[in-house]
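Text of the file work-v3.cif, holding mmCIF, C-alpha atoms:
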```cif
data_query
#
loop_
_atom_site.label_atom_id
_atom_site.label_comp_id
_atom_site.auth_asym_id
_atom_site.auth_seq_id
_atom_site.Cartn_x
_atom_site.Cartn_y
_atom_site.Cartn_z
CA MET I 1 16.92 -17.01 2.85
CA SER I 2 19.87 -16.44 0.57
CA CYS I 3 20.04 -13.82 -2.14
CA THR I 4 19.34 -16.08 -5.04
CA SER I 5 18.12 -15.17 -8.45
CA SER I 6 14.77 -16.72 -9.07
CA SER I 7 14.73 -19.34 -11.75
CA THR I 8 15.96 -17.17 -14.61
CA SER I 9 17.22 -20.27 -16.31
CA GLU I 10 13.74 -21.72 -16.63
CA SER I 11 12.58 -18.81 -18.72
CA SER I 12 15.38 -19.04 -21.22
CA ALA I 13 13.60 -21.70 -23.25
CA ASP I 14 10.81 -19.25 -23.94
CA GLN I 15 12.99 -16.35 -24.91
CA GLY I 16 12.69 -15.56 -28.55
CA GLY I 17 13.16 -11.88 -29.29
CA ALA I 18 15.88 -9.35 -28.72
CA TYR I 19 14.65 -8.55 -25.22
CA PRO I 20 14.70 -11.46 -22.91
CA GLU I 21 11.36 -11.87 -21.17
CA ARG I 22 11.01 -13.71 -17.94
CA MET I 23 7.99 -15.93 -17.95
CA THR I 24 8.64 -17.52 -14.61
CA THR I 25 9.20 -16.64 -11.04
CA SER I 26 10.04 -18.88 -8.16
CA SER I 27 7.66 -20.11 -5.52
CA GLU I 28 10.11 -18.53 -3.15
CA ILE I 29 9.12 -15.08 -4.39
CA ALA I 30 5.40 -15.86 -4.12
CA GLN I 31 5.83 -17.19 -0.61
CA ALA I 32 7.90 -14.20 0.43
CA LEU I 33 5.18 -11.85 -0.87
CA LEU I 34 2.50 -13.81 0.95
CA ARG I 35 4.47 -13.78 4.17
CA ALA I 36 5.10 -10.03 3.90
CA ALA I 37 1.41 -9.35 3.32
CA ARG I 38 0.31 -11.66 6.14
CA GLU I 39 2.79 -11.20 8.95
CA GLY I 40 5.55 -8.88 7.78
CA PRO I 41 8.22 -7.68 7.96
CA ALA I 42 7.45 -5.23 5.17
CA LEU I 43 9.29 -5.43 1.89
CA ALA I 44 9.38 -3.37 -1.29
CA ALA I 45 8.67 -5.52 -4.35
CA CYS I 46 10.30 -4.21 -7.52
CA THR I 47 9.08 -5.48 -10.88
CA VAL I 48 10.45 -4.50 -14.28
CA MET I 49 7.35 -3.58 -16.27
CA ALA I 50 8.82 -2.03 -19.37
CA ALA I 51 12.22 -1.36 -20.88
CA SER I 52 13.45 0.42 -23.97
CA PRO I 53 14.58 -1.87 -26.80
CA GLY I 54 18.10 -3.10 -26.31
CA VAL I 55 18.16 -2.67 -22.54
CA ASP I 56 19.34 -5.93 -21.10
CA VAL I 57 16.76 -6.52 -18.39
CA ALA I 58 13.98 -9.09 -18.34
CA LEU I 59 10.37 -7.95 -18.31
CA GLY I 60 8.76 -9.19 -15.13
CA ALA I 61 12.10 -9.57 -13.34
CA LYS I 62 11.51 -9.24 -9.61
CA LEU I 63 13.58 -8.00 -6.73
CA LEU I 64 12.22 -8.09 -3.20
CA VAL I 65 13.92 -5.56 -0.96
CA TYR I 66 13.75 -5.97 2.81
CA ALA I 67 15.21 -3.56 5.35
CA ASP I 68 18.43 -5.55 5.47
CA HIS I 69 18.61 -7.94 2.51
CA GLU I 70 17.16 -8.76 -0.90
CA ILE I 71 15.77 -11.72 -2.81
CA GLY I 72 15.70 -12.04 -6.58
CA GLU I 73 17.34 -9.82 -9.13
CA ILE I 74 16.63 -7.30 -11.85
CA GLY I 75 19.75 -7.51 -13.94
CA GLY I 76 22.36 -6.70 -11.32
CA GLY I 77 24.78 -3.82 -11.82
CA PRO I 78 24.17 -0.16 -11.03
CA LEU I 79 20.46 -0.32 -12.00
CA GLN I 80 19.77 -2.98 -9.41
CA ALA I 81 21.88 -1.19 -6.80
CA ARG I 82 20.00 2.08 -7.26
CA VAL I 83 16.58 0.46 -7.38
CA THR I 84 17.44 -1.42 -4.20
CA GLN I 85 18.36 1.80 -2.45
CA PHE I 86 15.25 3.59 -3.69
CA ALA I 87 13.00 0.69 -2.69
CA ARG I 88 14.51 0.42 0.77
CA ASP I 89 13.86 4.10 1.39
CA ALA I 90 10.27 3.63 0.16
CA ILE I 91 9.36 1.04 2.81
CA PRO I 92 8.48 3.49 5.62
CA ASN I 93 6.35 5.51 3.18
CA HIS I 94 4.12 2.61 2.07
CA LEU I 95 4.96 3.63 -1.48
CA VAL I 96 3.28 2.05 -4.48
CA GLN I 97 4.58 3.75 -7.60
CA THR I 98 5.97 3.04 -11.02
CA CYS I 99 9.36 4.69 -11.27
CA VAL I 100 11.43 5.36 -14.35
CA PHE I 101 15.17 4.75 -14.27
CA THR I 102 17.92 4.97 -16.84
CA PRO I 103 19.65 1.63 -17.48
CA GLN I 104 22.49 3.05 -15.35
CA GLY I 105 20.10 3.40 -12.45
CA ASP I 106 19.43 7.13 -12.37
CA LEU I 107 15.89 7.91 -11.29
CA ILE I 108 14.30 10.25 -13.79
CA GLU I 109 11.28 12.35 -13.07
CA GLY I 110 8.95 14.37 -15.24
CA ARG I 111 7.57 13.61 -18.65
CA ARG I 112 10.11 15.75 -20.48
CA ALA I 113 13.07 14.15 -18.76
CA ILE I 114 11.72 10.72 -19.63
CA GLU I 115 11.20 11.67 -23.27
CA SER I 116 14.70 13.06 -23.53
CA ALA I 117 16.33 9.98 -22.04
CA ASP I 118 17.92 7.57 -24.52
CA ALA I 119 16.63 4.50 -22.82
CA VAL I 120 14.52 3.85 -19.76
CA VAL I 121 13.44 1.03 -17.51
CA GLU I 122 10.06 1.23 -15.77
CA VAL I 123 10.01 -0.42 -12.38
CA LEU I 124 6.95 -0.81 -10.20
CA VAL I 125 8.01 -0.35 -6.60
CA GLU I 126 5.33 -1.51 -4.20
CA VAL I 127 5.61 -1.88 -0.49
CA VAL I 128 4.05 -5.13 0.66
CA GLU I 129 3.12 -5.26 4.32
CA PRO I 130 0.32 -6.52 6.55
CA ALA I 131 -2.84 -4.46 6.93
CA ALA I 132 -2.23 -1.42 9.11
CA THR I 133 -3.29 -1.72 12.73
CA LEU I 134 -5.72 0.86 14.08
CA LEU I 135 -5.41 0.96 17.85
CA VAL I 136 -8.39 2.75 19.36
CA VAL I 137 -7.95 3.76 22.97
CA GLY I 138 -11.44 4.22 24.40
CA GLY I 139 -14.55 2.32 23.35
CA GLY I 140 -17.08 5.15 23.69
CA HIS I 141 -19.19 6.72 20.93
CA VAL I 142 -16.25 8.12 19.04
CA GLY I 143 -14.15 4.98 19.52
CA LEU I 144 -17.02 2.92 18.19
CA ALA I 145 -17.34 4.99 15.02
CA VAL I 146 -13.57 5.23 14.51
CA GLY I 147 -13.26 1.45 14.86
CA GLN I 148 -16.08 0.80 12.42
CA LEU I 149 -14.68 3.11 9.79
CA GLY I 150 -11.17 1.73 10.26
CA ALA I 151 -12.45 -1.79 9.65
CA MET I 152 -14.22 -0.55 6.55
CA LEU I 153 -10.89 0.80 5.32
CA GLY I 154 -9.31 -2.62 5.71
CA MET I 155 -7.34 -1.90 8.88
CA ASP I 156 -6.91 -4.45 11.66
CA VAL I 157 -8.78 -2.79 14.48
CA ALA I 158 -7.88 -3.16 18.15
CA ILE I 159 -9.93 -1.53 20.91
CA ILE I 160 -8.79 -0.93 24.46
CA ASP I 161 -10.98 0.18 27.35
CA ASP I 162 -11.02 -0.61 31.05
CA ARG I 163 -14.83 -0.87 31.18
CA GLU I 164 -16.30 -4.10 29.99
CA ASP I 165 -19.42 -2.39 28.68
CA TYR I 166 -17.21 -0.48 26.29
CA ALA I 167 -14.76 -3.23 25.40
CA ASN I 168 -16.52 -6.43 24.43
CA PRO I 169 -16.75 -8.37 21.18
CA GLU I 170 -20.51 -7.70 20.87
CA ARG I 171 -19.85 -3.96 20.69
CA PHE I 172 -16.96 -4.42 18.25
CA PRO I 173 -17.78 -7.52 16.20
CA TYR I 174 -15.39 -6.54 13.39
CA ALA I 175 -12.40 -5.87 15.65
CA ALA I 176 -9.38 -8.11 15.40
CA ASP I 177 -8.69 -7.52 19.08
CA VAL I 178 -10.91 -6.24 21.91
CA ILE I 179 -8.92 -5.67 25.06
CA CYS I 180 -10.54 -4.99 28.41
CA GLY I 181 -8.01 -4.12 31.06
CA ASP I 182 -5.83 -1.52 32.66
CA PHE I 183 -4.92 1.06 30.00
CA ASP I 184 -1.28 1.47 30.97
CA GLU I 185 -0.58 -2.21 31.39
CA GLU I 186 -2.33 -3.23 28.16
CA LEU I 187 -0.75 -0.45 26.10
CA GLN I 188 2.73 -1.30 27.37
CA ARG I 189 2.14 -4.84 26.19
CA PHE I 190 0.58 -3.96 22.82
CA PRO I 191 3.01 -4.31 19.89
CA ILE I 192 3.51 -0.98 18.09
CA SER I 193 5.29 -0.40 14.78
CA ALA I 194 5.42 2.20 12.01
CA ASN I 195 2.35 0.40 10.65
CA THR I 196 0.33 1.08 13.83
CA TYR I 197 -2.07 4.02 13.92
CA ILE I 198 -3.18 5.07 17.38
CA VAL I 199 -6.29 7.07 18.17
CA LEU I 200 -6.72 8.33 21.72
CA VAL I 201 -10.42 8.92 22.32
CA SER I 202 -10.93 7.73 25.86
CA ARG I 203 -13.48 9.03 28.36
CA GLY I 204 -11.23 11.76 29.71
CA HIS I 205 -7.96 13.60 29.58
CA LYS I 206 -6.50 11.73 32.54
CA VAL I 207 -6.76 8.50 30.59
CA ASP I 208 -5.62 10.08 27.32
CA GLU I 209 -2.57 11.48 29.09
CA LEU I 210 -1.72 8.13 30.60
CA ALA I 211 -2.22 6.41 27.26
CA LEU I 212 -0.14 8.96 25.37
CA ARG I 213 2.66 8.48 27.88
CA ALA I 214 2.57 4.76 27.17
CA VAL I 215 2.72 5.07 23.36
CA ALA I 216 4.31 8.43 22.45
CA GLU I 217 7.91 7.25 22.09
CA ARG I 218 7.27 3.90 20.43
CA GLY I 219 7.49 4.80 16.74
CA ALA I 220 3.83 4.47 15.76
CA GLY I 221 2.91 5.62 12.25
CA TYR I 222 0.38 8.00 13.74
CA VAL I 223 -0.73 9.09 17.18
CA GLY I 224 -3.76 11.35 17.45
CA MET I 225 -5.46 12.60 20.59
CA ILE I 226 -8.92 14.10 20.85
CA GLY I 227 -9.63 17.25 22.84
CA SER I 228 -9.73 21.00 22.71
CA GLN I 229 -6.67 23.06 21.88
CA ARG I 230 -6.33 24.09 25.54
CA ARG I 231 -6.82 20.68 27.12
CA THR I 232 -4.53 18.86 24.74
CA ARG I 233 -1.81 21.48 25.21
CA THR I 234 -1.94 20.87 28.94
CA VAL I 235 -1.52 17.13 28.39
CA LEU I 236 1.50 17.68 26.13
CA GLN I 237 2.98 20.06 28.70
CA HIS I 238 2.64 17.51 31.48
CA LEU I 239 4.38 14.86 29.44
CA ALA I 240 7.16 17.22 28.35
CA GLU I 241 7.75 18.17 31.99
CA ASP I 242 7.96 14.49 32.83
CA GLY I 243 10.74 14.08 30.29
CA VAL I 244 8.87 12.48 27.41
CA ASP I 245 10.85 13.03 24.21
CA ARG I 246 9.95 16.43 22.74
CA GLU I 247 10.15 15.33 19.12
CA SER I 248 7.78 12.47 19.76
CA LEU I 249 5.32 14.88 21.35
CA ASP I 250 5.62 17.25 18.39
CA ARG I 251 4.50 14.42 16.14
CA VAL I 252 1.24 13.88 18.03
CA PHE I 253 -1.79 15.00 16.06
CA THR I 254 -3.82 16.94 18.56
CA PRO I 255 -6.49 18.19 18.47
CA ILE I 256 -7.22 15.19 16.30
CA GLY I 257 -8.60 15.07 12.76
CA LEU I 258 -9.01 17.15 9.64
CA ASP I 259 -10.92 20.40 9.83
CA ILE I 260 -14.14 19.42 8.05
CA GLY I 261 -16.53 20.77 10.64
CA ALA I 262 -17.25 17.32 12.06
CA GLU I 263 -19.88 17.24 14.84
CA THR I 264 -21.24 13.73 15.36
CA PRO I 265 -19.10 10.74 16.41
CA GLU I 266 -19.41 9.37 12.87
CA GLU I 267 -18.33 12.64 11.31
CA ILE I 268 -15.43 12.82 13.76
CA ALA I 269 -14.47 9.31 12.67
CA VAL I 270 -14.36 10.48 9.04
CA SER I 271 -12.23 13.44 10.08
CA VAL I 272 -9.83 11.20 12.05
CA LEU I 273 -9.53 8.49 9.41
CA GLY I 274 -9.16 11.22 6.78
CA GLU I 275 -6.15 12.46 8.71
CA ILE I 276 -4.75 8.94 8.95
CA ILE I 277 -5.11 8.43 5.19
CA LEU I 278 -3.43 11.78 4.68
CA VAL I 279 -0.48 10.72 6.83
CA ARG I 280 -0.26 7.35 5.15
CA ARG I 281 -0.71 8.40 1.55
CA GLY I 282 0.43 12.00 1.66
CA GLY I 283 -2.33 13.99 -0.03
CA GLY I 284 -2.97 17.70 -0.02
CA ALA I 285 -6.12 17.68 2.16
CA GLN I 286 -7.88 20.14 -0.09
CA PRO I 287 -11.07 19.69 -2.06
CA MET I 288 -10.10 18.11 -5.40
CA SER I 289 -11.93 20.95 -7.13
CA GLU I 290 -9.41 23.39 -5.68
CA HIS I 291 -6.69 21.67 -7.69
CA GLY I 292 -8.59 22.39 -10.88
CA ARG I 293 -9.02 26.01 -9.87
CA SER I 294 -5.38 26.54 -9.00
CA LEU I 295 -4.33 24.86 -12.26
CA ALA I 296 -6.65 27.15 -14.19
CA ALA I 297 -5.25 30.14 -12.35
CA ALA I 298 -1.70 29.04 -13.06
CA SER I 299 -2.34 28.67 -16.79
CA ARG I 300 -3.88 32.09 -17.11
CA MET P 301 -3.78 -2.49 0.64
CA PRO P 302 -2.29 -5.93 1.09
CA HIS P 303 -2.84 -8.34 -1.75
CA ASP P 304 -2.72 -11.48 0.38
CA GLU P 305 -5.57 -13.14 -1.55
CA VAL P 306 -3.67 -12.75 -4.79
CA TYR P 307 -0.39 -13.93 -3.28
CA GLU P 308 -2.12 -16.85 -1.64
CA ALA P 309 -3.70 -17.92 -4.92
CA MET P 310 -0.30 -17.60 -6.57
CA SER P 311 1.39 -19.76 -3.95
CA SER P 312 -1.36 -22.39 -4.16
CA ALA P 313 -1.09 -22.55 -7.95
CA PHE P 314 2.68 -22.93 -7.72
CA GLU P 315 2.30 -25.82 -5.28
CA THR P 316 0.47 -27.72 -8.00
CA GLY P 317 2.89 -26.53 -10.66
CA ALA P 318 0.20 -24.54 -12.47
CA PRO P 319 1.07 -21.25 -14.14
CA VAL P 320 -0.90 -18.07 -13.48
CA ALA P 321 -1.16 -14.72 -15.18
CA LEU P 322 -0.79 -11.65 -13.02
CA ALA P 323 -2.19 -8.31 -14.14
CA THR P 324 -0.90 -5.28 -12.20
CA VAL P 325 -1.88 -1.67 -12.71
CA ALA P 326 1.39 0.05 -13.62
CA GLN P 327 0.14 3.56 -14.16
CA THR P 328 -3.08 5.51 -14.19
CA LEU P 329 -3.99 8.82 -15.77
CA GLY P 330 -7.13 10.68 -14.90
CA SER P 331 -10.03 9.08 -13.10
CA THR P 332 -9.67 5.30 -12.88
CA PRO P 333 -11.38 2.74 -10.67
CA ARG P 334 -8.14 1.38 -9.19
CA LYS P 335 -4.75 2.81 -8.60
CA THR P 336 -1.19 1.69 -9.28
CA GLY P 337 -0.43 -1.71 -7.80
CA ALA P 338 -3.98 -3.11 -8.02
CA LYS P 339 -3.84 -6.76 -9.03
CA MET P 340 -5.83 -9.50 -10.69
CA LEU P 341 -4.56 -13.04 -10.89
CA VAL P 342 -5.98 -15.28 -13.62
CA ARG P 343 -5.76 -19.07 -13.58
CA GLU P 344 -5.63 -21.36 -16.61
CA ASP P 345 -9.32 -22.22 -16.24
CA GLY P 346 -10.17 -18.53 -16.49
CA SER P 347 -11.10 -18.09 -12.83
CA PHE P 348 -9.57 -15.07 -11.16
CA VAL P 349 -8.78 -13.45 -7.82
CA GLY P 350 -8.56 -9.74 -7.10
CA THR P 351 -9.60 -6.86 -9.29
CA ILE P 352 -8.07 -4.13 -11.35
CA GLY P 353 -11.33 -2.27 -11.36
CA GLY P 354 -14.40 -4.32 -12.23
CA GLY P 355 -16.36 -3.66 -15.43
CA CYS P 356 -14.23 -0.89 -16.88
CA GLY P 357 -11.64 -2.67 -18.97
CA GLU P 358 -11.38 -5.74 -16.78
CA ALA P 359 -12.74 -8.10 -19.43
CA GLU P 360 -10.13 -6.82 -21.84
CA VAL P 361 -7.34 -7.41 -19.35
CA TRP P 362 -8.68 -10.86 -18.51
CA GLN P 363 -8.44 -11.76 -22.20
CA GLU P 364 -4.85 -10.49 -22.33
CA ALA P 365 -4.09 -12.58 -19.24
CA MET P 366 -5.49 -15.70 -20.91
CA ASP P 367 -3.38 -14.90 -23.99
CA ALA P 368 -0.29 -14.47 -21.81
CA LEU P 369 -0.94 -17.85 -20.21
CA ASP P 370 -1.03 -19.25 -23.73
CA ASP P 371 1.98 -17.60 -25.32
CA GLY P 372 4.07 -16.82 -22.24
CA SER P 373 4.82 -13.22 -23.22
CA ALA P 374 4.75 -10.40 -20.72
CA ARG P 375 2.95 -7.37 -22.08
CA MET P 376 1.78 -3.89 -21.23
CA VAL P 377 -1.90 -3.32 -21.95
CA THR P 378 -3.36 0.15 -22.20
CA VAL P 379 -6.99 0.39 -21.22
CA ASP P 380 -8.67 3.59 -22.32
CA LEU P 381 -11.74 4.37 -20.25
CA THR P 382 -12.35 7.74 -21.82
CA GLU P 383 -14.27 6.54 -24.85
CA PRO P 384 -17.85 5.48 -24.53
CA VAL P 385 -18.77 1.97 -25.67
CA ASP P 386 -22.23 0.67 -26.51
CA GLY P 387 -23.46 4.26 -26.48
CA GLU P 388 -23.04 4.35 -22.72
CA ASP P 389 -20.68 6.70 -20.99
CA LYS P 390 -18.21 4.95 -18.80
CA ILE P 391 -18.17 6.15 -15.24
CA CYS P 392 -14.44 6.37 -15.04
CA GLY P 393 -12.80 8.30 -17.84
CA GLY P 394 -9.09 7.73 -17.35
CA VAL P 395 -6.37 5.62 -18.89
CA MET P 396 -4.69 2.66 -17.20
CA ARG P 397 -1.51 0.87 -18.21
CA ILE P 398 -1.57 -2.67 -16.96
CA PHE P 399 1.36 -5.06 -16.89
CA VAL P 400 0.38 -8.65 -17.63
CA GLU P 401 2.85 -11.47 -17.01
CA ARG P 402 2.78 -15.23 -16.91
CA LEU P 403 4.29 -16.69 -13.76
CA GLN P 404 5.20 -20.23 -12.95
CA ALA P 405 6.94 -21.90 -10.04
#
```

The structure given in the file should be rewritten as structure tokens.
Amino acid sequence: MSCTSSSTSESSADQGGAYPERMTTSSEIAQALLRAAREGPALAACTVMAASPGVDVALGAKLLVYADHEIGEIGGGPLQARVTQFARDAIPNHLVQTCVFTPQGDLIEGRRAIESADAVVEVLVEVVEPAATLLVVGGGHVGLAVGQLGAMLGMDVAIIDDREDYANPERFPYAADVICGDFDEELQRFPISANTYIVLVSRGHKVDELALRAVAERGAGYVGMIGSQRRTRTVLQHLAEDGVDRESLDRVFTPIGLDIGAETPEEIAVSVLGEIILVRRGGGAQPMSEHGRSLAAASR
Amino acid sequence: MPHDEVYEAMSSAFETGAPVALATVAQTLGSTPRKTGAKMLVREDGSFVGTIGGGCGEAEVWQEAMDALDDGSARMVTVDLTEPVDGEDKICGGVMRIFVERLQA
């Protein structure tokens, strides 16, 4: 698709005031958004939501930024160039945020900075991508609960186990994909991207080790492995000795999950998915009430 | 969260040449039912797809969307959920700024 502006001319008939408002967008934009949400690749959609009087940019103007090209336009010039750069960097972070820029394209942060700026443009930057994939390795009790919770969170769930009793559609009716087969072979074949979240909760450390070896270096958004501190360290050591990339191993979340005292498979699932949300959204992993307390302490 | 339902409804409307109004949460302050980026698409007949947070303020935004379909103007709507209406406390208690725009193929 070429980098075309999307039907700006059609909106001109409706423009009355000092600030041109765009009342139209092209079907091309809608189709690109739909495709990004359905199949990918991910894009960052930028929409002008507000602009100071006199700033020459259309409300509702849209720019879709892919990893390597763009569609649409938000006024061109330095503003568009800087928004494009910002949006492109936002793609791996799944960002959805309204950002404030000067008309020259400088990102401004903080209420005071915004108030002191002569003129601003508010741009919603939202990464549009297919539902995240949750790949659960091991269909046992924990895998079952993790899969269920993942589906509840809107993730596309895939389950892999080599035992048919633990990998069948009856056990995982909500799963997008239930794979029964050799772990190594199936994992090698499974597509993995930054939007894939992998949970290793198989029946034993032998299998977890083999599975981790198959996925560690493939750029998943998250890899977590269940097990005690001691056991998981041994697994990581084995893989490091075998030449698996050290940085990739350092990124593995193991032991898996947030420290919330989880005991049952369901509680462990909450702990694991909590960690995945944390990685995806970037929270502080503290009770919300602690924020209030630290704010109170800071103001004293 | 992908908004494929909203985008699909948008594409379908455009295929028939019909305009739609799209309401998108631009900013939230305090406790709000949905976060930035949440979407509701409103068709000319008043039917809609997606949600910007049910109950709390959604009726107000729907009305703005219908108005935008009428007059074609994009607008920013501020929905204040901090004040009780009908003597009942709202569950939420934050403020949302919602961008409403009319879109046509």

_Given the PyMOL selection byres ((chain I and resi 250) around 12) and the file above, list the residues it selects as an NGL selection string._
:I and (216-217 or 222-224 or 233 or 236-237 or 239-240 or 244-249 or 251-254)

_I'd like the residues picked by the PyMOL selection byres ((chain P) within 6 of (chain I)) written out as a PyMOL selection string, using the chain letters and numbers from the file._
chain P and resi 302+304+307+311+372+402-405

Limited to C-alpha atoms, could you put the picked residues into a file as a short mmCIF file (atom, residue, chain, number, x, y, z; two decimals), keeping the file's coordinate frame?
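The resulting selection23.cif:
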```cif
data_model
loop_
_atom_site.label_atom_id
_atom_site.label_comp_id
_atom_site.auth_asym_id
_atom_site.auth_seq_id
_atom_site.Cartn_x
_atom_site.Cartn_y
_atom_site.Cartn_z
CA PRO P 302 -2.29 -5.93 1.09
CA ASP P 304 -2.72 -11.48 0.38
CA TYR P 307 -0.39 -13.93 -3.28
CA SER P 311 1.39 -19.76 -3.95
CA GLY P 372 4.07 -16.82 -22.24
CA ARG P 402 2.78 -15.23 -16.91
CA LEU P 403 4.29 -16.69 -13.76
CA GLN P 404 5.20 -20.23 -12.95
CA ALA P 405 6.94 -21.90 -10.04
#
```

_Between P:Leu381, P:Ala326, P:Val306, P:Ala321, which residue has the minimum interatomic distance to Gly394 in chain P, considering only C-alpha atoms?_
P:Leu381

_Between CA of Val361 in chain P and CA of Arg334 in chain P, what is the distance in Å, rounded to a tenth?_
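CA of Arg334 in chain P lies 13.5 Å from CA of Val361 in chain P.
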
*Spell out the residues picked by the PyMOL selection byres ((chain P and resi 362) around 9) here, as JSON, numbers by chain.*
{"P": [323, 340, 341, 342, 346, 348, 357, 358, 359, 360, 361, 363, 364, 365, 366, 367]}

*Separation of CA of Glu308 in chain P and CA of Arg375 in chain P, in Å?*
23.1 Å

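For the atom pair formed by CA of Met225 in chain I and CA of Glu290 in chain I, the distance is 28.7 Å, given to one decimal.
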
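Nearest residue to Leu200 in chain I among I:Ala158, I:Val136, I:Ala113, I:Val83 is I:Val136, counting all atoms listed in the file.
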
_Contacts of Ala338 in chain P within 8 Å, all atoms listed in the file, excl. fewer than 5 positions in-chain, as JSON, numbers by chain_ = {"P": [324, 325, 351, 352]}

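Using only C-alpha atoms for every distance, the candidate list I:Ile276, I:Ile256, I:Cys46, I:Ala214 yields I:Ile276 as the residue closest to Thr196 in chain I.
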
*Can you work out which one of I:Ala90, I:Leu63, I:Ala145, I:Pro103 has the shortest atom-to-atom distance to Pro78 in chain I, counting all atoms listed in the file?*
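Of I:Ala90, I:Leu63, I:Ala145, I:Pro103, the one nearest Pro78 in chain I is I:Pro103, counting all atoms listed in the file.
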
*Looking at only C-alpha atoms, which of I:Thr264, I:Glu186, I:Tyr197, I:Leu144 is the one that sits closest to Arg171 in chain I?*
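So, comparing all the options, the nearest one is I:Leu144.
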